[in-house]
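So this one's structure-v8.txt, compact mmCIF, C-alpha atoms and all ligand atoms:
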# COMPACT_ATOMS: atom_id res chain seq x y z
CA MET A 1 25.86 86.50 50.69
CA GLU A 2 24.61 86.01 47.17
CA ILE A 3 26.48 83.36 45.22
CA PRO A 4 27.68 85.11 42.03
CA ALA A 5 25.61 83.90 39.05
CA GLN A 6 28.63 82.45 37.23
CA TYR A 7 29.31 80.11 40.18
CA ARG A 8 25.76 78.76 40.61
CA GLY A 9 25.79 74.97 40.48
CA ARG A 10 29.58 74.83 41.02
CA GLU A 11 29.82 76.56 44.37
CA GLN A 12 32.87 74.50 45.38
CA ALA A 13 34.81 76.33 42.62
CA LEU A 14 33.91 79.64 44.29
CA ILE A 15 35.36 78.41 47.59
CA LYS A 16 38.50 77.13 45.87
CA HIS A 17 39.02 80.37 43.96
CA GLN A 18 38.40 82.49 47.04
CA LEU A 19 41.03 80.56 48.98
CA LEU A 20 43.51 80.69 46.11
CA GLU A 21 43.06 84.42 45.69
CA THR A 22 43.14 85.30 49.42
CA TYR A 23 46.17 83.16 50.08
CA LEU A 24 48.11 84.19 46.96
CA TYR A 25 47.65 87.84 47.87
CA LYS A 26 49.01 87.34 51.40
CA LEU A 27 51.83 85.15 50.15
CA PHE A 28 53.01 87.34 47.26
CA MET A 29 52.92 90.48 49.40
CA ILE A 30 55.32 88.80 51.86
CA VAL A 31 57.55 87.00 49.36
CA GLY A 32 57.73 90.07 47.08
CA GLN A 33 59.48 92.03 49.80
CA HIS A 34 62.47 89.66 49.71
CA HIS A 35 62.51 88.09 46.23
CA PRO A 36 63.07 89.89 42.90
CA THR A 37 60.99 87.33 40.96
CA ILE A 38 57.83 85.39 41.77
CA THR A 39 56.79 82.46 39.59
CA TYR A 40 53.31 80.94 39.52
CA VAL A 41 52.41 77.69 37.74
CA ASP A 42 48.84 76.48 37.21
CA CYS A 43 49.47 72.87 36.19
CA PHE A 44 45.81 72.13 35.27
CA ALA A 45 44.65 75.52 34.14
CA GLY A 46 41.49 75.05 32.09
CA PRO A 47 39.44 77.14 31.47
CA TRP A 48 36.93 74.63 32.71
CA GLN A 49 33.17 75.10 33.17
CA GLU A 50 33.66 78.86 33.06
CA ALA A 51 30.54 80.96 32.65
CA SER A 52 32.16 84.34 32.12
CA GLU A 53 33.85 85.70 29.01
CA ASP A 54 36.47 87.56 31.03
CA MET A 55 37.67 84.46 32.97
CA SER A 56 36.73 86.10 36.27
CA ASP A 57 35.38 82.74 37.49
CA THR A 58 38.49 80.72 36.65
CA SER A 59 41.78 80.17 38.44
CA ILE A 60 43.44 81.74 35.37
CA GLY A 61 41.63 85.06 35.65
CA ARG A 62 41.68 85.22 39.43
CA SER A 63 45.36 84.38 39.83
CA LEU A 64 46.39 86.87 37.15
CA SER A 65 44.38 89.72 38.69
CA THR A 66 45.87 88.89 42.11
CA MET A 67 49.40 88.97 40.66
CA LYS A 68 48.73 92.30 38.96
CA ASN A 69 47.38 93.77 42.25
CA CYS A 70 50.39 92.50 44.19
CA LEU A 71 52.85 93.76 41.58
CA GLU A 72 51.31 97.24 41.79
CA SER A 73 51.08 97.29 45.61
CA LEU A 74 54.68 96.09 45.90
CA GLN A 75 55.77 98.74 43.43
CA GLY A 76 54.10 101.32 45.67
CA MET A 77 56.25 100.02 48.52
CA GLY A 78 59.41 100.39 46.44
CA HIS A 79 59.78 96.72 45.42
CA ASN A 80 60.00 96.09 41.70
CA VAL A 81 59.07 92.44 41.51
CA ARG A 82 58.99 90.45 38.29
CA PHE A 83 55.90 88.19 38.12
CA ARG A 84 55.90 85.18 35.77
CA ALA A 85 52.92 82.89 35.24
CA LEU A 86 52.70 79.59 33.37
CA PHE A 87 49.42 77.82 32.52
CA VAL A 88 49.30 74.17 31.41
CA GLU A 89 46.29 72.53 29.75
CA LYS A 90 45.86 69.30 27.79
CA ASN A 91 42.43 69.77 26.21
CA ALA A 92 42.76 71.35 22.74
CA THR A 93 39.62 73.49 22.89
CA ALA A 94 40.37 74.73 26.41
CA TYR A 95 43.98 75.42 25.47
CA HIS A 96 42.88 77.45 22.47
CA ARG A 97 40.64 79.59 24.74
CA LEU A 98 43.47 79.95 27.24
CA LYS A 99 45.99 81.04 24.63
CA GLU A 100 43.57 83.48 23.05
CA TYR A 101 42.83 85.00 26.45
CA LEU A 102 46.50 85.35 27.41
CA ASP A 103 47.35 86.89 24.03
CA SER A 104 44.57 89.46 24.39
CA LEU A 105 45.58 90.46 27.91
CA ASP A 106 47.25 93.73 28.78
CA THR A 107 49.07 92.82 31.99
CA PRO A 108 52.46 93.51 33.57
CA VAL A 109 52.63 89.79 34.47
CA GLU A 110 54.79 87.76 32.05
CA THR A 111 52.61 84.90 30.87
CA GLU A 112 53.32 81.60 29.11
CA SER A 113 51.21 78.55 28.27
CA PHE A 114 51.97 74.92 27.46
CA HIS A 115 49.63 72.58 25.63
CA GLY A 116 50.03 69.02 26.83
CA GLU A 117 49.58 66.29 29.44
CA PHE A 118 50.98 67.36 32.78
CA TYR A 119 52.92 64.11 33.14
CA ASN A 120 54.63 64.56 29.77
CA VAL A 121 55.47 68.24 30.18
CA ARG A 122 56.71 68.02 33.79
CA HIS A 123 60.34 68.54 32.89
CA LYS A 124 59.55 71.32 30.45
CA ILE A 125 57.64 73.08 33.27
CA LEU A 126 60.59 72.71 35.61
CA ASP A 127 63.01 74.01 32.97
CA TRP A 128 60.79 77.06 32.48
CA CYS A 129 60.74 77.67 36.27
CA GLY A 130 64.51 77.38 36.57
CA PRO A 131 66.31 75.50 39.34
CA THR A 132 65.83 78.16 42.04
CA GLY A 133 63.67 81.18 42.83
CA PHE A 134 60.33 81.27 44.59
CA THR A 135 57.64 79.29 42.75
CA PHE A 136 54.06 78.45 43.64
CA PHE A 137 52.55 75.37 41.96
CA PHE A 138 48.77 74.99 41.79
CA VAL A 139 47.79 71.37 41.06
CA ASP A 140 44.07 71.20 40.37
CA PRO A 141 43.34 68.08 38.30
CA LEU A 142 40.20 66.04 37.72
CA GLY A 143 41.63 62.68 38.77
CA TRP A 144 44.71 61.14 40.31
CA LYS A 145 46.43 58.85 37.78
CA ASN A 146 49.85 60.20 36.75
CA ILE A 147 49.15 63.32 38.78
CA VAL A 148 48.98 63.24 42.57
CA GLU A 149 51.18 60.18 43.12
CA VAL A 150 54.30 61.21 44.98
CA SER A 151 56.50 59.64 42.28
CA THR A 152 54.86 61.91 39.65
CA LEU A 153 55.25 65.02 41.78
CA GLU A 154 58.71 64.15 43.11
CA PRO A 155 60.74 66.33 40.68
CA PHE A 156 58.62 69.31 41.79
CA LEU A 157 58.72 68.41 45.48
CA GLN A 158 62.50 68.25 45.32
CA ARG A 159 62.80 71.74 43.90
CA PRO A 160 63.96 74.31 46.49
CA GLU A 161 61.92 77.46 47.22
CA SER A 162 58.69 75.84 46.05
CA GLU A 163 55.20 75.83 47.53
CA PHE A 164 52.23 73.73 46.47
CA LEU A 165 48.48 73.77 46.61
CA ILE A 166 47.23 70.35 45.56
CA ASN A 167 43.62 69.42 45.01
CA PHE A 168 43.39 65.95 46.56
CA MET A 169 40.28 64.39 45.02
CA PHE A 170 39.10 62.93 48.28
CA GLU A 171 35.67 61.65 47.21
CA PHE A 172 37.17 59.58 44.36
CA ILE A 173 40.01 58.31 46.49
CA LEU A 174 37.75 57.38 49.40
CA ARG A 175 35.70 55.23 47.05
CA ALA A 176 38.76 53.58 45.52
CA HIS A 177 41.14 53.21 48.45
CA ASP A 178 39.97 49.80 49.67
CA ILE A 179 39.25 48.20 46.30
CA PRO A 180 41.90 45.53 45.49
CA LEU A 181 41.98 46.61 41.82
CA HIS A 182 43.39 50.02 42.87
CA GLU A 183 45.98 48.74 45.35
CA LYS A 184 48.93 49.69 43.15
CA ASP A 185 47.61 53.23 42.61
CA MET A 186 46.94 53.64 46.31
CA ALA A 187 50.44 52.52 47.24
CA ALA A 188 51.81 55.12 44.78
CA ILE A 189 49.70 57.86 46.36
CA PHE A 190 50.07 56.98 50.04
CA GLY A 191 53.39 55.13 50.15
CA GLN A 192 51.42 52.16 51.56
CA ILE A 193 47.98 50.61 51.17
CA PRO A 194 45.75 52.46 53.65
CA GLN A 195 44.04 50.25 56.24
CA THR A 196 40.79 51.90 57.29
CA ASP A 197 38.63 48.90 58.29
CA GLY A 198 36.47 49.64 61.32
CA MET A 199 37.05 53.41 61.16
CA THR A 200 34.25 55.99 61.24
CA PRO A 201 33.89 58.22 58.13
CA ASP A 202 35.68 61.08 59.94
CA GLN A 203 38.51 58.80 61.02
CA LYS A 204 38.89 57.51 57.45
CA GLU A 205 39.06 61.06 56.13
CA SER A 206 41.78 62.10 58.62
CA CYS A 207 43.69 58.89 58.08
CA LEU A 208 43.79 59.20 54.26
CA VAL A 209 44.60 62.90 54.20
CA ASP A 210 47.27 62.61 56.91
CA LEU A 211 48.91 59.68 55.12
CA TYR A 212 49.05 61.69 51.90
CA ARG A 213 50.48 64.76 53.61
CA ALA A 214 53.14 62.66 55.34
CA ASN A 215 54.06 60.98 52.07
CA LEU A 216 54.45 64.34 50.28
CA LYS A 217 56.69 65.62 53.08
CA ARG A 218 58.82 62.50 52.95
CA VAL A 219 60.35 63.36 49.56
CA GLN A 220 61.12 67.02 50.26
CA PRO A 221 64.84 67.84 50.26
CA SER A 222 66.45 67.91 53.69
CA ARG A 223 67.80 71.46 53.28
CA GLY A 224 65.57 74.55 53.19
CA GLY A 225 63.46 74.24 56.33
CA LYS A 226 61.18 71.62 57.81
CA PRO A 227 58.49 70.44 55.37
CA ARG A 228 55.06 71.51 56.58
CA SER A 229 51.54 70.90 55.40
CA VAL A 230 47.95 71.76 56.27
CA THR A 231 44.71 70.99 54.47
CA VAL A 232 41.30 72.54 53.95
CA PRO A 233 38.29 70.32 53.25
CA ILE A 234 35.95 71.64 50.58
CA GLN A 235 32.43 70.34 51.03
CA ARG A 236 29.75 69.45 48.54
CA PRO A 237 27.51 72.49 48.66
CA ASP A 238 24.21 70.65 49.02
CA LYS A 239 25.41 67.77 51.21
CA ASP A 240 27.51 67.84 54.36
CA ARG A 241 30.24 65.73 52.82
CA THR A 242 33.82 66.43 51.78
CA LEU A 243 34.33 66.59 48.03
CA TYR A 244 38.04 67.34 48.03
CA HIS A 245 40.88 68.58 50.19
CA LEU A 246 43.16 71.43 49.23
CA VAL A 247 46.51 70.30 50.56
CA TYR A 248 49.06 73.05 51.07
CA LEU A 249 52.76 72.27 51.30
CA THR A 250 55.52 74.69 52.31
CA ARG A 251 58.85 74.96 54.15
CA HIS A 252 57.92 78.21 55.90
CA PRO A 253 56.11 78.41 59.24
CA LEU A 254 54.67 81.81 58.29
CA GLY A 255 53.18 80.20 55.16
CA ILE A 256 51.19 77.82 57.40
CA VAL A 257 50.00 80.70 59.59
CA LYS A 258 48.88 82.82 56.61
CA PHE A 259 47.26 79.88 54.84
CA MET A 260 45.22 79.00 57.93
CA GLU A 261 44.22 82.66 58.25
CA ALA A 262 42.89 82.54 54.69
CA SER A 263 41.08 79.25 55.46
CA GLU A 264 39.44 80.61 58.57
CA HIS A 265 37.69 83.24 56.52
CA LEU A 266 36.74 80.50 54.10
CA GLU A 267 34.93 78.49 56.80
CA PHE A 268 32.50 81.35 57.04
CA VAL A 269 32.03 81.62 53.26
CA GLN A 270 31.72 77.85 52.95
CA LYS A 271 28.91 77.67 55.49
CA ALA A 272 27.11 80.54 53.78
CA VAL A 273 27.45 78.88 50.39
CA ARG A 274 26.11 75.57 51.73
CA ILE A 275 23.06 77.24 53.23
CA GLN A 276 22.46 79.20 50.03
CA ALA A 277 22.84 76.10 47.84
CA LYS A 278 20.40 74.08 50.00
CA HIS A 279 18.05 77.04 50.00
CA ASP A 280 18.22 77.31 46.17
CA LYS A 281 17.53 73.59 45.86
CA LYS A 282 14.49 73.92 48.11
CA ILE A 283 13.10 76.76 46.01
CA GLU A 284 13.68 74.62 42.93
CA THR A 285 11.75 71.67 44.36
CA THR A 286 9.01 73.42 46.38
CA GLY A 287 8.80 76.79 44.63
CA GLN A 288 8.81 78.37 48.12
CA CYS A 289 11.26 81.08 49.05
CA GLU A 290 12.52 81.31 52.62
CA LEU A 291 12.76 84.70 54.17
CA PHE A 292 16.42 84.87 55.01
CA GLY A 293 19.63 85.21 53.02
CA ALA A 294 22.60 82.97 53.67
CA PHE A 295 24.79 85.29 55.75
CA GLU A 296 22.09 86.38 58.17
CA ASN A 297 21.69 82.78 59.19
CA ILE A 298 25.34 82.20 60.00
CA LYS A 299 27.22 82.30 63.20
CA VAL A 300 30.96 81.91 62.93
CA ASP A 301 31.73 79.23 65.48
CA GLN A 302 35.53 79.24 65.20
CA GLY A 303 35.58 75.80 63.71
CA THR A 304 33.77 73.07 65.50
CA VAL A 305 36.31 72.27 68.15
CA PRO A 306 35.07 72.77 71.74
CA ILE A 307 37.11 75.33 73.64
CA CYS A 308 37.74 72.90 76.54
CA VAL A 309 39.59 70.62 74.09
CA VAL A 310 41.77 73.51 72.88
CA LYS A 311 42.48 74.56 76.49
CA GLU A 312 43.57 71.07 77.39
CA TYR A 313 45.84 70.94 74.31
CA LEU A 314 47.39 74.34 75.12
CA LEU A 315 48.06 73.33 78.70
CA ARG A 316 49.96 70.32 77.40
CA GLN A 317 52.14 72.65 75.29
CA LEU A 318 53.02 74.86 78.26
CA SER A 319 55.37 74.21 81.14
CA PHE A 320 55.93 76.04 84.44
CA GLN A 321 59.13 77.47 82.96
CA PRO A 322 58.33 80.45 80.64
CA GLN A 323 58.91 79.52 76.99
CA LEU A 324 58.76 81.57 73.78
CA PHE A 325 55.69 80.91 71.64
CA GLY A 326 56.47 82.35 68.21
CA ILE A 327 55.46 81.72 64.59
CA ASP A 328 57.34 78.42 64.50
CA LYS A 329 55.43 77.06 67.49
CA LEU A 330 52.12 78.40 66.16
CA ALA A 331 52.75 76.67 62.80
CA ASP A 332 53.49 73.40 64.67
CA MET A 333 50.21 73.67 66.57
CA LEU A 334 48.15 74.58 63.46
CA GLU A 335 49.70 71.71 61.54
CA GLU A 336 49.17 69.18 64.30
CA THR A 337 45.56 70.10 65.06
CA GLY A 338 44.11 71.72 61.91
CA TRP A 339 42.51 74.37 64.18
CA PHE A 340 42.72 78.13 63.67
CA GLU A 341 44.86 80.69 65.49
CA SER A 342 41.70 82.26 66.93
CA ASN A 343 40.94 78.93 68.67
CA PHE A 344 44.27 79.19 70.51
CA GLN A 345 43.83 82.91 71.26
CA GLU A 346 40.39 82.33 72.81
CA ALA A 347 41.50 79.32 74.80
CA PHE A 348 44.55 81.16 76.13
CA HIS A 349 42.37 84.10 77.13
CA GLU A 350 40.04 81.84 79.12
CA LEU A 351 42.98 80.14 80.83
CA GLN A 352 44.45 83.56 81.64
CA ASN A 353 41.16 84.64 83.22
CA GLU A 354 41.06 81.43 85.21
CA GLY A 355 44.60 82.23 86.44
CA THR A 356 46.15 79.00 85.14
CA VAL A 357 48.48 80.58 82.53
CA LYS A 358 50.52 83.73 82.21
CA ASN A 359 51.95 85.77 79.32
CA TYR A 360 55.16 87.24 80.77
CA ASP A 361 55.42 89.72 77.88
CA ASP A 362 51.93 91.13 78.24
CA ALA A 363 52.12 93.56 81.10
CA GLU A 364 49.00 95.43 79.94
CA LYS A 365 46.82 92.46 79.19
CA SER A 366 43.58 94.41 79.72
CA LYS A 367 44.26 96.34 76.48
CA ARG A 368 44.23 93.25 74.30
CA ARG A 369 40.91 92.31 72.72
CA LYS A 370 41.58 89.39 70.36
CA LYS A 371 45.28 88.60 70.27
CA PHE A 372 46.30 87.50 73.74
CA ILE A 373 49.50 85.98 72.41
CA HIS A 374 51.57 87.94 69.88
CA PHE A 375 53.21 85.05 68.07
CA ASP A 376 54.82 87.52 65.65
CA ALA A 377 56.42 89.69 68.36
CA ASN A 378 60.22 90.02 68.51
CA ARG A 379 60.63 89.24 64.80
CA ASN A 380 58.42 86.16 64.99
CA SER A 381 60.13 84.73 68.11
CA GLY A 382 56.94 85.44 70.03
CA GLU A 383 56.17 85.92 73.70
CA ARG A 384 57.03 84.05 76.89
CA LEU A 385 54.18 81.92 78.18
CA ALA A 386 53.92 79.55 81.12
CA LYS A 387 51.50 77.60 83.28
CA VAL A 388 51.07 78.98 86.77
CA THR A 389 49.62 77.40 89.87
CA PRO A 390 46.22 78.98 90.42
C1 LIG A 401 39.48 71.04 37.52
S1 LIG A 401 39.85 71.71 35.97
C2 LIG A 401 40.82 73.12 36.36
C3 LIG A 401 40.08 74.24 36.82
C4 LIG A 401 40.90 75.47 37.05
N1 LIG A 401 42.11 75.20 37.84
C5 LIG A 401 40.04 76.46 37.82
O1 LIG A 401 40.02 76.39 39.07
O2 LIG A 401 39.39 77.29 37.18
C6 LIG A 401 41.13 70.66 35.38
C7 LIG A 401 41.67 71.05 34.02
O3 LIG A 401 42.81 70.26 33.77
C8 LIG A 401 42.76 69.73 32.45
N2 LIG A 401 43.46 68.44 32.51
C9 LIG A 401 42.98 67.25 32.94
N3 LIG A 401 43.95 66.31 32.92
C10 LIG A 401 45.07 66.95 32.51
C11 LIG A 401 46.42 66.53 32.32
N4 LIG A 401 46.76 65.26 32.52
N5 LIG A 401 47.33 67.44 31.94
C12 LIG A 401 46.97 68.73 31.73
N6 LIG A 401 45.71 69.19 31.87
C13 LIG A 401 44.78 68.31 32.26
C14 LIG A 401 41.30 69.60 32.12
O4 LIG A 401 41.08 69.67 30.72
C15 LIG A 401 40.70 70.81 32.88
O5 LIG A 401 40.68 71.93 32.06

Translate this structure into structure tokens?
Ligand SMILES: C[S@@+](CC[C@H](N)C(=O)[O-])C[C@H]1O[C@@H](n2cnc3c(N)ncnc32)[C@H](O)[C@@H]1O
Amino acid sequence: MEIPAQYRGREQALIKHQLLETYLYKLFMIVGQHHPTITYVDCFAGPWQEASEDMSDTSIGRSLSTMKNCLESLQGMGHNVRFRALFVEKNATAYHRLKEYLDSLDTPVETESFHGEFYNVRHKILDWCGPTGFTFFFVDPLGWKNIVEVSTLEPFLQRPESEFLINFMFEFILRAHDIPLHEKDMAAIFGQIPQTDGMTPDQKESCLVDLYRANLKRVQPSRGGKPRSVTVPIQRPDKDRTLYHLVYLTRHPLGIVKFMEASEHLEFVQKAVRIQAKHDKKIETTGQCELFGAFENIKVDQGTVPICVVKEYLLRQLSFQPQLFGIDKLADMLEETGWFESNFQEAFHELQNEGTVKNYDDAEKSKRRKKFIHFDANRNSGERLAKVTP
């Protein structure tokens, strides 16, 4: 895979945009079949560090083209969905570019823009969205103050029929979280002051991200489905270190399943981008070109979790009494572990071959190649699975 020229040097933006686009497409195609209006809000729109005139390397351009594609595909299916998009930006020069671009655009999406600080225009944004109706909020700031704290986001989190993708600036927060000067900010973000003494870097990362996710879920209204959240780490392209987490928040189990599907594809792109970025850096410093491109050097390893660990986890979920494993259960497992559906499918297949588990609704199991459990069968109620004595 060649990194597009406009993303060179900011490869993490490519990953972020790819995820946003892939997920928004899946989401809008599902939501559009049941809702007459879809609203999208980019709370920190930019444009920022864009290299293209046509905004094709910004969240503005990519979200708008996705909405246009969905609107047309849904129309083809007989659903006339109204798409509305709002873009918020505080920087005067960037806002001017944004406004000019939106004014010049010929699109069936209804667009609007606000110039101002997110914190100050929060209620204006909510008024524009209206009290109900499906809305997706993209929160992609550069810092945390007056942005990602739960108290700042609370009016949004309390709104029904809302989903969120929040860029949690992990690298900044990791550096600040145990500095006494930032205690007040950390308490506002996490609901407590995180205690990470003696933890490994990986443990610290899970601890901070899990605390944040739990705190976001805490303020969601009690009606409208169980609050759910998963996260995708975005790595620094030239170092194996997390730069930020994209935290996704929804009340729909299918949202979790589709978001993790989009992230699984991203794992592959992310590895390719990292290899390409390291490779580019090497050429820059040594002048030597290696003989392989990024994708040829990649093996998709279904995440890094060993299959024996997934098998053990699955066995703990199963009992000797057949139980339905549907979308709800899959979302629970994805949320709890952060693994992908394919991890569970592979592990179940191995257990089936070993004769330790059985799918009571798969009489012709030899015909299945990848999906050994149909979580979406019977209108998402799933299939009956159980442990068996080998
Ligand atoms: C990370 S960039 C956004 C990039 C864009 N979402 C994308 O992916 O192409 C953050 C943007 O938010 C703007 N910004 C920063 N703080 C803001 C605030 N408090 N309110 C509104 N906009 C803000 C910055 O000027 C910048 O354009």

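For the choices A:Asn343, A:Cys129, A:Tyr244, A:Tyr212, the atom-to-atom distance to Gly143 in chain A is smallest for A:Tyr244 when using all atoms listed in the file.
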
For ligand LIG 401 (chain A), which residue out of A:Leu181, A:Val41, A:Leu330, A:Met77 is the nearest one, using all atoms listed in the file?
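Going through A:Leu181, A:Val41, A:Leu330, A:Met77 one by one, the smallest distance to ligand LIG 401 (chain A) is for A:Val41.
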
Do you know which residues are within 8 Å of ligand LIG 401 (chain A) using all atoms listed in the file? Can you write them as a PyMOL selection string?
chain A and resi 13+16-17+42-50+57-60+88-91+94+115-119+138-143+146-147

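Closest approach to Met55 in chain A among A:Phe164, A:Tyr101, A:Phe28, A:Phe87 is made by A:Tyr101 (distances from only C-alpha atoms).
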
Which of these, A:Gln12, A:Gln270, A:Thr152, A:Ser229, has the shortest distance to Thr250 in chain A once you count all atoms listed in the file?
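Between A:Gln12, A:Gln270, A:Thr152, A:Ser229, the residue approaching Thr250 in chain A most closely is A:Ser229.
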
Go ahead and compute the interatomic distance for CA of Thr107 in chain A and CA of Asp54 in chain A, in Å to one decimal.
13.7 Å

Distance CA of Val310 in chain A-CA of Val388 in chain A, one decimal place?
17.6 Å

Would you mind listing what lies within 9 Å of Leu216 in chain A as a list in words, with all atoms listed in the file counted and same-chain residues fewer than 6 positions away left out?
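Once the adjacent positions are removed, what remains is Glu149, Val150, Leu153, Glu154, Leu157, Ile189, Phe190, Pro227, Ser229 and Leu249 of chain A.
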
Which residue is closest to Ala214 in chain A? Choose from A:Gln323, A:Pro155, A:Glu336, A:Ala331 and count all atoms listed in the file.
A:Glu336

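Among the candidate residues A:Asp178, A:Asp185, A:Glu11, A:Asp127, the one lying nearest to Val148 in chain A is A:Asp185, with distances computed using all atoms listed in the file.
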
Please return as a ChimeraX atom specification every residue within 10 Å of (43.5, 56.6, 44.2), taking into account all atoms listed in the file and the file's own coordinates.
/A:143-145,148-149,168-179,182-190

For CA of Tyr360 in chain A and CA of Ala386 in chain A, the interatomic separation in Å (one decimal)
7.8 Å
